[in-house]
Amino acid sequence: EARKKLKKFSFTAGIRYEDYNVDRLAVRNGITTIVNFKNSNFFPNLSALYEINSNVNVSASYSKKIQQADYNTLDPNNFSSFDQYNSSSGNPLLNPTFFDNYELKFTGFQYVQLGGNYTISKDANRLIFDANPGELISNKTYKQFDKLNTMSIFASFPIPLDYFLKGKEEYEVRK
């Protein structure tokens with residue numbers, strides 16, 4: 001990780017390298033499949049902050065991340081919810097999910113925030129309920145989706161509850 005401050009700008013850049021290798025046999029519905037997944041990848045993160053004035057700043061960031069599937073997501077013998085109408089199984093063929101995260105945020109007085117996030121998920125693993133047409137039995141499992149995009153906008157304005165519950169005297173004592 002490297003950091004640099006230039007006048008009203010602060011920059012941070014970092015990089016992480018992962019060598020991810022999976023070799024396993026997956027047995028699902030009586031069919032054996034060889035799962036061989038290899039990925040060597042760099043995961044960068046970049047951020048920049050600009051101080052508009054002493055009380056307000058704007059920041060932007062990018063990060064690339066990976067999330068490996070949990071064991072219970074992969075385990076084909078996961079029977080956590082099973083009865084006469086429901087079954088449950090993991091999916092041993094899932095790959096890890098890759099995320100590209102972008103954020104833009106305005107901060108005032110070090111605690112009021114207004115911003116947004118945009119995430120592109122590649123090979124996203126999601127829980128689904130699946131049923132064959134004309135059958136009453138549903139199966140809870142995980143499937144992989146090529147690409148999912150998520151956008152969120154947020155506003156944060158913390159309310160100091162202690163100021164109302166304990167009174168302003170509590171803050172005067174701490175000075």
# chains A, B, ... in the order shown; residues from 1 in each chain; ligands from 1
$ select_by_dssp --residues "chain A" --states "helix (DSSP H, G or I)" --output "PyMOL selection string"
chain A and resi 71-74+161-166+168-174
$ write_last_selection --atoms "C-alpha atoms" --output "compact mmCIF listing (two decimals), in the first residue's frame"
# COMPACT_ATOMS: atom_id res chain seq x y z
CA TYR A 71 -18.65 -24.94 2.43
CA ASN A 72 -22.41 -25.21 3.10
CA THR A 73 -23.02 -23.52 -0.27
CA LEU A 74 -20.87 -26.11 -2.07
CA LEU A 161 -28.79 10.06 21.65
CA ASP A 162 -26.67 10.59 24.77
CA TYR A 163 -27.09 14.34 24.30
CA PHE A 164 -30.85 13.89 24.68
CA LEU A 165 -30.77 11.05 27.24
CA LYS A 166 -27.99 12.34 29.53
CA LYS A 168 -25.51 18.49 27.64
CA GLU A 169 -23.82 18.34 31.05
CA GLU A 170 -22.42 14.91 30.10
CA TYR A 171 -20.52 16.48 27.19
CA GLU A 172 -19.31 19.43 29.24
CA VAL A 173 -17.73 17.08 31.82
CA ARG A 174 -15.64 15.29 29.15
$ residues_around --residues "Ile153 in chain A" --least-positions-apart "3" --cutoff "8 Å" --atoms "only C-alpha atoms" --output "short mmCIF file (atom, residue, chain, number, x, y, z; two decimals) with N, CA and C atoms, in the first residue's frame"
data_model
loop_
_atom_site.label_atom_id
_atom_site.label_comp_id
_atom_site.auth_asym_id
_atom_site.auth_seq_id
_atom_site.Cartn_x
_atom_site.Cartn_y
_atom_site.Cartn_z
N LEU A 114 -23.00 11.67 2.54
CA LEU A 114 -23.92 11.48 1.42
C LEU A 114 -23.09 10.84 0.32
N GLY A 115 -23.57 9.71 -0.18
CA GLY A 115 -22.76 9.04 -1.18
C GLY A 115 -23.49 7.95 -1.91
N GLY A 116 -22.74 7.23 -2.72
CA GLY A 116 -23.29 6.13 -3.48
C GLY A 116 -22.26 5.06 -3.76
N ASN A 117 -22.73 3.84 -3.92
CA ASN A 117 -21.89 2.69 -4.25
C ASN A 117 -22.41 2.05 -5.52
#
$ residues_around --residues "range 37-41 of chain A" --least-positions-apart "4" --cutoff "9 Å" --atoms "only C-alpha atoms" --output "number ranges by chain"
A: 16-23, 95
$ residues_around --residues "range 127-132 of chain A" --least-positions-apart "4" --cutoff "10 Å" --atoms "only C-alpha atoms" --output "PyMOL selection string"
chain A and resi 73+86-88+90+136-144
$ atom_distance --atom1 "CA of Ser47 in chain A" --atom2 "CA of Lys5 in chain A"
11.8 Å
$ residues_around --residues "Ala124 in chain A" --least-positions-apart "4" --cutoff "10 Å" --atoms "only C-alpha atoms" --output "list in words"
Gln67, Ala69, Leu94, Asn95, Pro96, Thr97, Phe98, Phe99, Ile120, Tyr142, Lys143, Gln144, Phe145, Asp146, Lys147, Leu148 and Asn149 of chain A
